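The file upload22.cif comes next; it holds mmCIF, C-alpha atoms and all ligand atoms.
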```cif
data_data
loop_
_atom_site.label_atom_id
_atom_site.label_comp_id
_atom_site.auth_asym_id
_atom_site.auth_seq_id
_atom_site.Cartn_x
_atom_site.Cartn_y
_atom_site.Cartn_z
CA MET A 73 74.13 124.58 113.37
CA ALA A 74 77.73 125.37 112.70
CA PRO A 75 77.95 128.96 111.53
CA GLU A 76 80.82 128.08 109.21
CA LEU A 77 78.55 125.95 106.98
CA SER A 78 78.82 128.07 103.89
CA MET A 79 75.94 129.17 101.73
CA SER A 80 77.59 127.67 98.67
CA ALA A 81 77.47 124.29 100.40
CA LEU A 82 73.79 124.88 101.04
CA PHE A 83 73.24 125.83 97.43
CA ASP A 84 75.00 122.69 96.28
CA ARG A 85 72.56 120.68 98.32
CA PHE A 86 69.63 122.53 96.83
CA ARG A 87 70.96 122.02 93.33
CA ARG A 88 71.31 118.31 93.88
CA SER A 89 67.80 117.92 95.20
CA ALA A 90 66.47 120.19 92.47
CA ALA A 91 68.07 117.92 89.85
CA ARG A 92 66.36 114.89 91.36
CA LEU A 93 63.01 116.64 91.31
CA LEU A 94 63.36 118.09 87.84
CA PRO A 95 61.43 115.47 85.83
CA ALA A 96 58.54 115.68 88.28
CA ALA A 97 58.74 119.46 88.19
CA LEU A 98 58.52 119.45 84.40
CA LEU A 99 55.47 117.22 84.55
CA ALA A 100 53.90 119.47 87.12
CA VAL A 101 54.43 122.44 84.86
CA ALA A 102 53.22 120.63 81.74
CA MET A 103 50.13 118.99 83.22
CA PRO A 104 48.03 121.92 84.31
CA MET A 105 48.27 123.68 80.95
CA PHE A 106 44.68 122.75 80.18
CA ASP A 107 43.03 122.73 83.53
CA ALA A 108 44.80 125.46 85.49
CA PRO A 109 42.22 127.95 86.66
CA PRO A 110 42.79 131.26 84.88
CA ALA A 111 42.44 132.85 88.31
CA ALA A 112 45.82 131.44 89.40
CA ALA A 113 47.59 134.72 88.70
CA ALA A 114 44.87 136.53 90.60
CA GLU A 115 45.63 134.59 93.75
CA LEU A 116 46.11 137.00 96.62
CA ALA A 117 49.78 137.49 97.34
CA LYS A 118 49.15 137.72 101.10
CA ASP A 119 47.77 134.19 101.13
CA LEU A 120 50.90 132.81 99.47
CA PHE A 121 53.53 134.87 101.28
CA GLY A 122 51.64 134.62 104.56
CA ARG A 123 52.04 130.85 104.48
CA THR A 124 55.78 130.61 103.88
CA ALA A 125 57.72 129.08 106.74
CA LEU A 126 61.28 129.57 105.49
CA PRO A 127 63.10 132.03 103.22
CA ALA A 128 64.04 131.54 99.59
CA ALA A 129 67.54 130.02 99.51
CA LEU A 130 68.88 132.44 96.93
CA PRO A 131 71.22 135.43 97.17
CA ALA A 132 69.86 138.27 99.31
CA LYS A 133 67.82 140.54 97.04
CA SER A 134 64.90 142.85 97.66
CA TYR A 135 62.34 143.24 94.87
CA GLY A 136 59.91 146.12 94.55
CA PHE A 137 58.98 148.62 97.22
CA TYR A 138 58.64 148.54 101.00
CA SER A 139 54.85 148.25 100.64
CA LYS A 140 54.79 146.13 97.47
CA GLY A 141 57.47 143.53 97.05
CA CYS A 142 59.28 140.52 98.40
CA PHE A 143 62.83 139.38 99.05
CA SER A 144 65.07 136.35 98.83
CA GLY A 145 68.03 135.20 100.89
CA GLY A 146 66.45 136.28 104.14
CA ILE A 147 67.86 135.33 107.50
CA ALA A 148 66.13 135.29 110.88
CA ILE A 149 67.21 136.88 114.08
CA ALA A 150 67.11 134.35 116.91
CA ASN A 151 64.22 134.56 119.35
CA ASP A 152 66.80 135.20 122.05
CA GLY A 153 70.10 136.97 121.96
CA PRO A 154 72.29 138.39 124.70
CA HIS A 155 70.78 141.84 124.19
CA TRP A 156 67.40 141.17 122.66
CA GLN A 157 64.20 139.13 122.89
CA ALA A 158 61.84 138.74 119.95
CA MET A 159 58.16 139.35 120.64
CA ARG A 160 55.11 137.69 118.98
CA PRO A 161 57.04 134.56 117.92
CA SER A 162 53.91 132.95 116.47
CA ARG A 163 53.87 135.48 113.65
CA ASN A 164 57.15 134.19 112.18
CA ARG A 165 58.21 137.67 111.18
CA ARG A 166 61.78 137.61 112.43
CA TRP A 167 63.12 137.53 108.87
CA GLY A 168 65.00 140.23 107.08
CA HIS A 169 67.67 141.08 104.56
CA PRO A 170 71.00 140.03 106.14
CA THR A 171 72.01 143.68 106.43
CA MET A 172 68.83 144.48 108.38
CA VAL A 173 69.25 141.56 110.74
CA ALA A 174 72.93 142.33 111.30
CA LEU A 175 72.03 145.93 112.02
CA ILE A 176 69.50 144.91 114.70
CA GLU A 177 72.12 142.73 116.36
CA LYS A 178 74.58 145.63 116.30
CA LEU A 179 71.99 148.08 117.63
CA SER A 180 71.21 145.71 120.48
CA ARG A 181 74.88 145.62 121.52
CA GLU A 182 75.51 149.32 121.15
CA ALA A 183 72.25 150.26 122.87
CA VAL A 184 73.31 148.20 125.86
CA ALA A 185 76.68 149.96 125.84
CA ASP A 186 74.70 153.23 125.86
CA GLY A 187 72.86 152.10 129.00
CA TRP A 188 69.64 150.68 127.48
CA PRO A 189 68.67 147.29 128.98
CA GLY A 190 68.26 145.56 125.62
CA LEU A 191 65.78 145.39 122.76
CA LEU A 192 62.33 143.91 122.53
CA LEU A 193 61.89 143.19 118.84
CA GLY A 194 58.64 143.56 116.95
CA ASP A 195 58.06 142.46 113.39
CA ILE A 196 60.67 142.50 110.66
CA SER A 197 59.31 140.59 107.63
CA GLN A 198 57.82 137.24 106.68
CA PRO A 199 60.42 134.67 105.52
CA ARG A 200 60.08 135.76 101.88
CA GLY A 201 58.53 139.14 102.62
CA GLY A 202 55.44 140.06 100.66
CA PRO A 203 52.12 141.35 101.94
CA MET A 204 50.86 139.98 105.23
CA LEU A 205 47.58 138.45 106.27
CA THR A 206 47.39 140.97 109.14
CA GLY A 207 49.07 144.26 110.05
CA HIS A 208 51.73 146.34 108.29
CA ALA A 209 51.40 147.76 104.82
CA SER A 210 55.19 147.88 104.51
CA HIS A 211 57.79 145.40 105.92
CA GLN A 212 57.60 143.53 102.59
CA ILE A 213 61.20 143.57 101.34
CA GLY A 214 63.18 142.74 104.47
CA LEU A 215 64.34 146.29 105.11
CA ASP A 216 61.89 147.38 107.87
CA ALA A 217 61.98 146.46 111.54
CA ASP A 218 59.87 147.47 114.54
CA ILE A 219 61.56 147.87 117.90
CA TRP A 220 59.66 148.47 121.11
CA PHE A 221 60.14 151.50 123.32
CA THR A 222 59.58 149.09 126.22
CA PRO A 223 63.00 148.04 127.50
CA MET A 224 63.94 144.38 127.65
CA PRO A 225 63.29 142.97 131.14
CA ASN A 226 66.18 141.39 133.02
CA ARG A 227 64.73 137.90 132.60
CA ARG A 228 63.71 135.80 129.62
CA LEU A 229 60.03 136.23 128.83
CA THR A 230 57.98 133.07 128.34
CA VAL A 231 56.44 132.31 124.97
CA THR A 232 53.02 133.24 126.35
CA GLU A 233 54.33 136.55 127.66
CA ARG A 234 55.87 137.31 124.28
CA GLU A 235 52.51 136.79 122.64
CA LYS A 236 50.47 138.66 125.25
CA ILE A 237 52.45 141.52 126.77
CA GLY A 238 51.63 144.87 125.21
CA ALA A 239 54.12 147.60 124.48
CA VAL A 240 53.70 150.78 126.55
CA SER A 241 52.60 153.88 124.65
CA MET A 242 54.83 156.91 124.96
CA ILE A 243 51.89 159.19 124.19
CA ARG A 244 49.28 160.57 126.62
CA LYS A 245 45.90 158.84 126.44
CA LYS A 246 44.19 161.97 125.21
CA GLY A 247 46.39 164.11 123.08
CA LEU A 248 49.34 164.01 120.79
CA THR A 249 52.18 164.71 123.14
CA VAL A 250 54.58 162.47 125.01
CA ASP A 251 53.55 161.07 128.38
CA GLU A 252 56.24 162.52 130.63
CA SER A 253 55.74 159.71 133.13
CA VAL A 254 57.06 157.14 130.66
CA TRP A 255 59.29 158.99 128.19
CA THR A 256 62.98 159.11 129.12
CA PRO A 257 66.14 160.59 127.58
CA ALA A 258 67.42 156.99 127.28
CA ARG A 259 64.79 156.46 124.58
CA ALA A 260 66.09 159.48 122.69
CA ARG A 261 69.60 158.01 122.95
CA LEU A 262 68.33 154.73 121.54
CA LEU A 263 66.80 156.54 118.56
CA LYS A 264 69.98 158.52 118.04
CA ARG A 265 72.02 155.33 118.04
CA ALA A 266 69.70 153.73 115.47
CA ALA A 267 69.84 156.86 113.31
CA SER A 268 73.64 156.86 113.44
CA TYR A 269 73.97 153.93 111.04
CA PRO A 270 74.45 154.94 107.42
CA GLU A 271 72.20 152.12 106.22
CA VAL A 272 69.25 153.59 108.14
CA GLU A 273 67.31 156.02 105.96
CA ARG A 274 64.28 156.60 108.16
CA ILE A 275 63.00 155.98 111.64
CA LEU A 276 59.24 156.33 111.99
CA VAL A 277 57.81 157.54 115.31
CA HIS A 278 54.56 159.05 116.53
CA PRO A 279 54.48 162.83 115.83
CA GLY A 280 54.41 163.49 119.58
CA ILE A 281 57.74 161.69 119.95
CA LYS A 282 59.22 163.62 117.05
CA LYS A 283 58.06 166.84 118.71
CA LYS A 284 59.63 165.80 122.00
CA LEU A 285 62.95 165.24 120.24
CA CYS A 286 62.64 168.57 118.41
CA ASP A 287 62.06 170.31 121.75
CA THR A 288 64.78 168.60 123.76
CA VAL A 289 67.69 167.37 121.64
CA THR A 290 70.72 169.59 122.07
CA GLY A 291 74.11 169.50 120.38
CA ASP A 292 74.14 167.43 117.23
CA ARG A 293 70.63 167.51 115.76
CA SER A 294 71.51 166.25 112.30
CA TRP A 295 70.20 162.75 113.09
CA LEU A 296 66.71 164.16 113.59
CA GLN A 297 66.41 164.32 109.81
CA LYS A 298 65.97 160.56 109.69
CA VAL A 299 63.34 160.52 112.44
CA ARG A 300 60.00 161.04 110.72
CA PRO A 301 56.52 161.41 112.21
CA PHE A 302 53.95 158.82 111.29
CA TRP A 303 50.67 157.32 112.46
CA GLY A 304 50.96 154.58 115.06
CA HIS A 305 54.51 154.12 116.34
CA ASP A 306 53.71 155.41 119.81
CA SER A 307 54.90 152.26 121.55
CA HIS A 308 57.56 151.18 119.07
CA PHE A 309 59.78 152.78 116.48
CA HIS A 310 60.26 151.58 112.95
CA VAL A 311 63.72 151.36 111.46
CA ARG A 312 63.95 151.40 107.68
CA ILE A 313 67.18 150.83 105.83
CA GLY A 314 67.79 151.69 102.19
CA CYS A 315 67.89 149.35 99.23
CA GLN A 316 71.04 147.29 99.57
CA PRO A 317 73.80 146.68 97.00
CA GLY A 318 72.96 143.61 94.97
CA SER A 319 69.26 144.50 94.73
CA PRO A 320 68.91 146.42 91.46
CA ASP A 321 65.15 145.77 91.47
CA CYS A 322 64.63 147.29 94.89
CA LYS A 323 62.72 150.56 94.48
CA ARG A 324 64.20 153.33 96.57
CA GLN A 325 62.04 155.65 98.62
CA ALA A 326 62.12 159.41 98.15
CA ALA A 327 64.81 161.07 100.23
CA THR A 328 63.84 162.89 103.38
CA ASN A 329 63.95 166.66 103.11
CA PRO A 330 67.06 168.35 104.43
CA GLY A 331 66.93 169.75 107.95
CA ASP A 332 65.80 168.40 111.29
CA GLY A 333 62.13 168.11 110.27
CA CYS A 334 61.02 170.28 113.21
CA ASP A 335 59.13 172.48 110.79
CA LYS A 336 55.89 172.78 108.85
CA SER A 337 55.92 169.09 108.04
CA LEU A 338 55.72 168.38 111.77
CA ALA A 339 53.21 171.15 112.48
CA TRP A 340 50.79 169.46 110.03
CA TRP A 341 50.51 166.52 112.40
CA PHE A 342 49.18 168.85 115.09
CA THR A 343 46.28 169.97 112.93
CA GLU A 344 42.97 168.16 112.63
CA GLU A 345 43.57 166.85 109.12
CA PRO A 346 45.73 163.77 109.80
CA TRP A 347 43.32 162.53 112.47
CA ARG A 348 40.03 162.75 110.60
CA PRO A 349 38.18 159.48 110.89
CA ASN A 350 38.41 157.20 107.92
CA LYS A 351 35.30 157.88 105.80
CA ASP A 352 35.24 154.35 104.49
CA PRO A 353 36.60 152.03 107.17
CA ASP A 354 35.26 148.93 105.41
CA ALA A 355 36.99 149.61 102.10
CA PRO A 356 39.37 146.77 101.19
CA LYS A 357 42.99 147.30 102.17
CA ALA A 358 45.88 147.11 99.75
CA ARG A 359 46.80 143.65 101.00
CA ASP A 360 43.26 142.44 100.31
CA LEU A 361 43.60 143.37 96.64
CA MET A 362 47.24 142.65 95.92
CA THR A 363 47.54 139.72 93.56
CA MET A 364 50.77 138.09 92.43
CA ASP A 365 50.47 140.14 89.25
CA ALA A 366 50.71 143.33 91.29
CA LEU A 367 54.10 142.32 92.69
CA PRO A 368 57.38 142.32 90.75
CA LYS A 369 57.60 139.25 88.50
CA ALA A 370 60.59 137.97 90.44
CA CYS A 371 58.36 137.45 93.47
CA ARG A 372 56.88 134.35 91.83
CA ALA A 373 60.37 132.85 91.60
CA VAL A 374 61.04 133.91 95.19
CA LEU A 375 57.90 132.09 96.26
CA ASP A 376 58.83 128.98 94.29
CA ALA A 377 62.50 128.83 95.31
CA PRO A 378 63.76 126.05 97.59
CA SER A 379 64.11 126.60 101.31
CA PRO A 380 67.33 126.34 103.28
CA VAL A 381 68.00 123.02 105.02
CA SER A 382 66.69 124.33 108.31
CA GLU A 383 65.67 127.48 110.11
CA ALA A 384 68.74 127.23 112.31
CA ALA A 385 70.96 127.30 109.24
CA VAL A 386 69.78 130.81 108.45
CA THR A 387 69.29 132.25 111.93
CA LEU A 388 71.55 134.88 113.40
CA GLY A 389 72.37 134.13 117.00
CA GLY A 390 73.99 136.10 119.73
CA SER A 391 77.55 135.92 118.53
CA GLY A 392 76.70 137.57 115.26
CA SER A 393 78.93 135.04 113.54
CA ALA A 394 76.17 133.16 111.73
CA ILE A 395 75.87 136.18 109.52
CA ALA A 396 78.82 134.71 107.62
CA ALA A 397 76.43 132.04 106.38
CA ALA A 398 74.28 134.64 104.65
CA PRO A 399 74.38 134.61 100.88
CA VAL A 400 76.97 136.93 99.42
CA GLN A 401 76.87 138.48 96.02
CA PRO A 402 80.38 138.48 94.65
CA GLU A 403 79.34 140.72 91.79
CA THR A 404 78.45 143.53 94.18
CA ALA A 405 80.61 142.87 97.21
CA GLY A 406 83.01 145.66 96.38
CA LEU A 407 80.44 148.29 95.46
CA PRO A 408 80.85 151.66 97.12
CA LEU A 409 78.17 152.88 99.50
CA SER A 410 76.94 155.27 96.85
CA ALA A 411 75.40 152.26 95.13
CA SER A 412 72.50 152.71 97.51
CA ALA A 413 72.50 156.50 97.47
CA PHE A 414 69.27 158.37 98.07
CA LEU A 415 67.05 159.58 95.29
CA PRO A 416 67.00 163.35 94.93
CA ALA A 417 64.39 165.08 97.06
CA GLN A 418 61.03 165.60 95.45
CA GLY A 419 59.49 169.04 95.02
CA SER A 420 57.17 169.63 97.97
CA PRO A 421 58.54 171.83 100.78
CA VAL A 422 56.16 170.01 103.13
CA PRO A 423 56.63 166.28 102.68
CA LEU A 424 53.28 164.80 103.55
CA PRO A 425 52.77 161.07 103.85
CA GLN A 426 51.31 159.50 100.76
CA TRP A 427 49.38 156.73 102.38
CA ARG A 428 47.95 155.83 105.72
CA PRO A 429 48.72 152.62 107.50
CA ASP A 430 46.22 149.85 106.94
CA ASN A 431 45.60 149.28 110.61
ZN ZN A 501 56.30 149.92 111.92
#
```

Once you've parsed the file, please lay out its structure as structure tokens.
Ligand SMILES: [Zn+2]
Amino acid sequence: MAPELSMSALFDRFRRSAARLLPAALLAVAMPMFDAPPAAAAELAKDLFGRTALPAALPAKSYGFYSKGCFSGGIAIANDGPHWQAMRPSRNRRWGHPTMVALIEKLSREAVADGWPGLLLGDISQPRGGPMLTGHASHQIGLDADIWFTPMPNRRLTVTEREKIGAVSMIRKKGLTVDESVWTPARARLLKRAASYPEVERILVHPGIKKKLCDTVTGDRSWLQKVRPFWGHDSHFHVRIGCQPGSPDCKRQAATNPGDGCDKSLAWWFTEEPWRPNKDPDAPKARDLMTMDALPKACRAVLDAPSPVSEAAVTLGGSGSAIAAAPVQPETAGLPLSASAFLPAQGSPVPLPQWRPDN
């Protein structure tokens, strides 16, 4: 579609069709007053958000927290760009806040300029975010993205390959340290490039990768502060950006502690404690309990909002120009960067993770 088709034109279309549907919509609201099952509010959020095909055609706003929320105004990154290929297309998780998607496109270009062959993209979010039927506890508000450590091959992968090919672990089969036969300084450069963007607040990697960076990065080490150890993340890294201007109901995460993080907080990962087997592996996961009531109220409206005219209308392609079609929020457009400033650090000198991943 033409990238210059403006969002306000799209909204006009939605408004017109909404007006036509209004009487029916009122009926639909009025009718079930007596026979709606009281369990409606208890419907699992993952079942509703996991079924959405397209984003909510509203201004870009994140609601709630990375692991408990949703977002509107999402755009997709194309399955193929000049410097990226999206993996696992069947999951339909190429959606993010426009700032997130634009940042991935920029990283793909700058990584290639740095000598990296291009990005293989893992999951961002579902079209309207929210909890997922499978995988990820976070990735719910359009501000998280997984990027593989496996470089993009110099040919286009087939759909089947994108579903089937596995990412290569950077960690030795037995142990917690980097596999020297696969780790390369180019991967450290890629992480440094991702960390260089002010929007990026955290990059999650396996503790062994963090340790490798701690042991080898020379010169400017300030960017290591953003690179945090976490479970999983041995074959991909996880880029998390902060709450964006225009999203007052986006809950910010605690700031990372000052310093390069090559300290006690890293040493903890090389003790036995983080790797103890789960005592209750069959206990329900957060996503299996999260009802609509558990999410911010706005997530119901996000779920019920109209879709854009087509997926193509809200997909960022290789030129990066389609980003102009993303919703803008005039009321916040001129806000200074400090509008998304970090929260003050919380007390603990050793920031330990507060939850484990669900899978
Ligand atoms: Zn991740």

Neighbourhood of ligand ZN 501 (chain A) at 12 Å, counting all atoms listed in the file, reported as a CSV table (one decimal) with C-alpha atoms, in the coordinates of the input:
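Resulting contents of out27.csv:
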```csv
chain,number,residue,atom,x,y,z
A,138,TYR,CA,58.6,148.5,101.0
A,139,SER,CA,54.8,148.2,100.6
A,193,LEU,CA,61.9,143.2,118.8
A,194,GLY,CA,58.6,143.6,117.0
A,195,ASP,CA,58.1,142.5,113.4
A,196,ILE,CA,60.7,142.5,110.7
A,197,SER,CA,59.3,140.6,107.6
A,207,GLY,CA,49.1,144.3,110.0
A,208,HIS,CA,51.7,146.3,108.3
A,209,ALA,CA,51.4,147.8,104.8
A,210,SER,CA,55.2,147.9,104.5
A,211,HIS,CA,57.8,145.4,105.9
A,212,GLN,CA,57.6,143.5,102.6
A,215,LEU,CA,64.3,146.3,105.1
A,216,ASP,CA,61.9,147.4,107.9
A,217,ALA,CA,62.0,146.5,111.5
A,218,ASP,CA,59.9,147.5,114.5
A,219,ILE,CA,61.6,147.9,117.9
A,220,TRP,CA,59.7,148.5,121.1
A,274,ARG,CA,64.3,156.6,108.2
A,275,ILE,CA,63.0,156.0,111.6
A,276,LEU,CA,59.2,156.3,112.0
A,277,VAL,CA,57.8,157.5,115.3
A,278,HIS,CA,54.6,159.0,116.5
A,300,ARG,CA,60.0,161.0,110.7
A,301,PRO,CA,56.5,161.4,112.2
A,302,PHE,CA,54.0,158.8,111.3
A,303,TRP,CA,50.7,157.3,112.5
A,304,GLY,CA,51.0,154.6,115.1
A,305,HIS,CA,54.5,154.1,116.3
A,306,ASP,CA,53.7,155.4,119.8
A,307,SER,CA,54.9,152.3,121.6
A,308,HIS,CA,57.6,151.2,119.1
A,309,PHE,CA,59.8,152.8,116.5
A,310,HIS,CA,60.3,151.6,113.0
A,311,VAL,CA,63.7,151.4,111.5
A,312,ARG,CA,64.0,151.4,107.7
A,428,ARG,CA,48.0,155.8,105.7
A,429,PRO,CA,48.7,152.6,107.5
A,430,ASP,CA,46.2,149.8,106.9
A,431,ASN,CA,45.6,149.3,110.6
```

Take CA of Cys315 (chain A) and CA of Ala183 (chain A) and report the distance between them in Å, one decimal.
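Separation between CA of Cys315 (chain A) and CA of Ala183 (chain A): 24.1 Å.
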
Interatomic distance between CA of Trp167 (chain A) and CA of Val299 (chain A)?
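Separation of CA of Trp167 (chain A) and CA of Val299 (chain A): 23.3 Å.
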
Please, what is the axis-aligned box for every listed atom of region 373-387 of chain A with 6 Å on each side, as centre and edge lengths in Å to one decimal, as lines of an AutoDock Vina configuration file?
```
center_x = 64.4
center_y = 128.5
center_z = 102.0
size_x = 25.1
size_y = 22.9
size_z = 32.7
```

Could you check which of A:Ser382, A:Thr222, A:Asn350, A:Thr256 is closest to Ser241 (chain A), using only C-alpha atoms?
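Nearest candidate to Ser241 (chain A) out of A:Ser382, A:Thr222, A:Asn350, A:Thr256: A:Thr222.
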
Nearest to Gly136 (chain A) by atom-to-atom distance, counting all atoms listed in the file, from A:Gln297, A:Ser319, A:Ser268, A:Ser253
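Nearest candidate to Gly136 (chain A) out of A:Gln297, A:Ser319, A:Ser268, A:Ser253: A:Ser319.
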
Residue nearest Pro199 (chain A) - candidates A:Leu296, A:Leu375, A:Ala239, A:Ala150, atoms counted: all atoms listed in the file:
A:Leu375

How many Å lie between CA of Arg165 (chain A) and CA of Trp295 (chain A), rounded to one decimal?
27.9 Å

Shell of 8 Å around Leu126 (chain A), all atoms listed in the file, local chain residues under 2 positions omitted, as a list in words:
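Contacts, with the query itself left out: Thr124, Ala128, Pro199, Arg200, Ser379, Pro380 and Glu383 of chain A.
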
Between A:Ala355, A:Leu338, A:Ala117, A:Ala326, which is the closest to Leu205 (chain A) once you count all atoms listed in the file?
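Of the candidates, the smallest distance to Leu205 (chain A) is held by A:Ala117.
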
Pick from A:Arg163, A:Gly153, A:Asp360, A:Ala125, whichever lies nearest to Pro378 (chain A) using only C-alpha atoms:
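Counting only C-alpha atoms, the residue closest to Pro378 (chain A) is A:Ala125.
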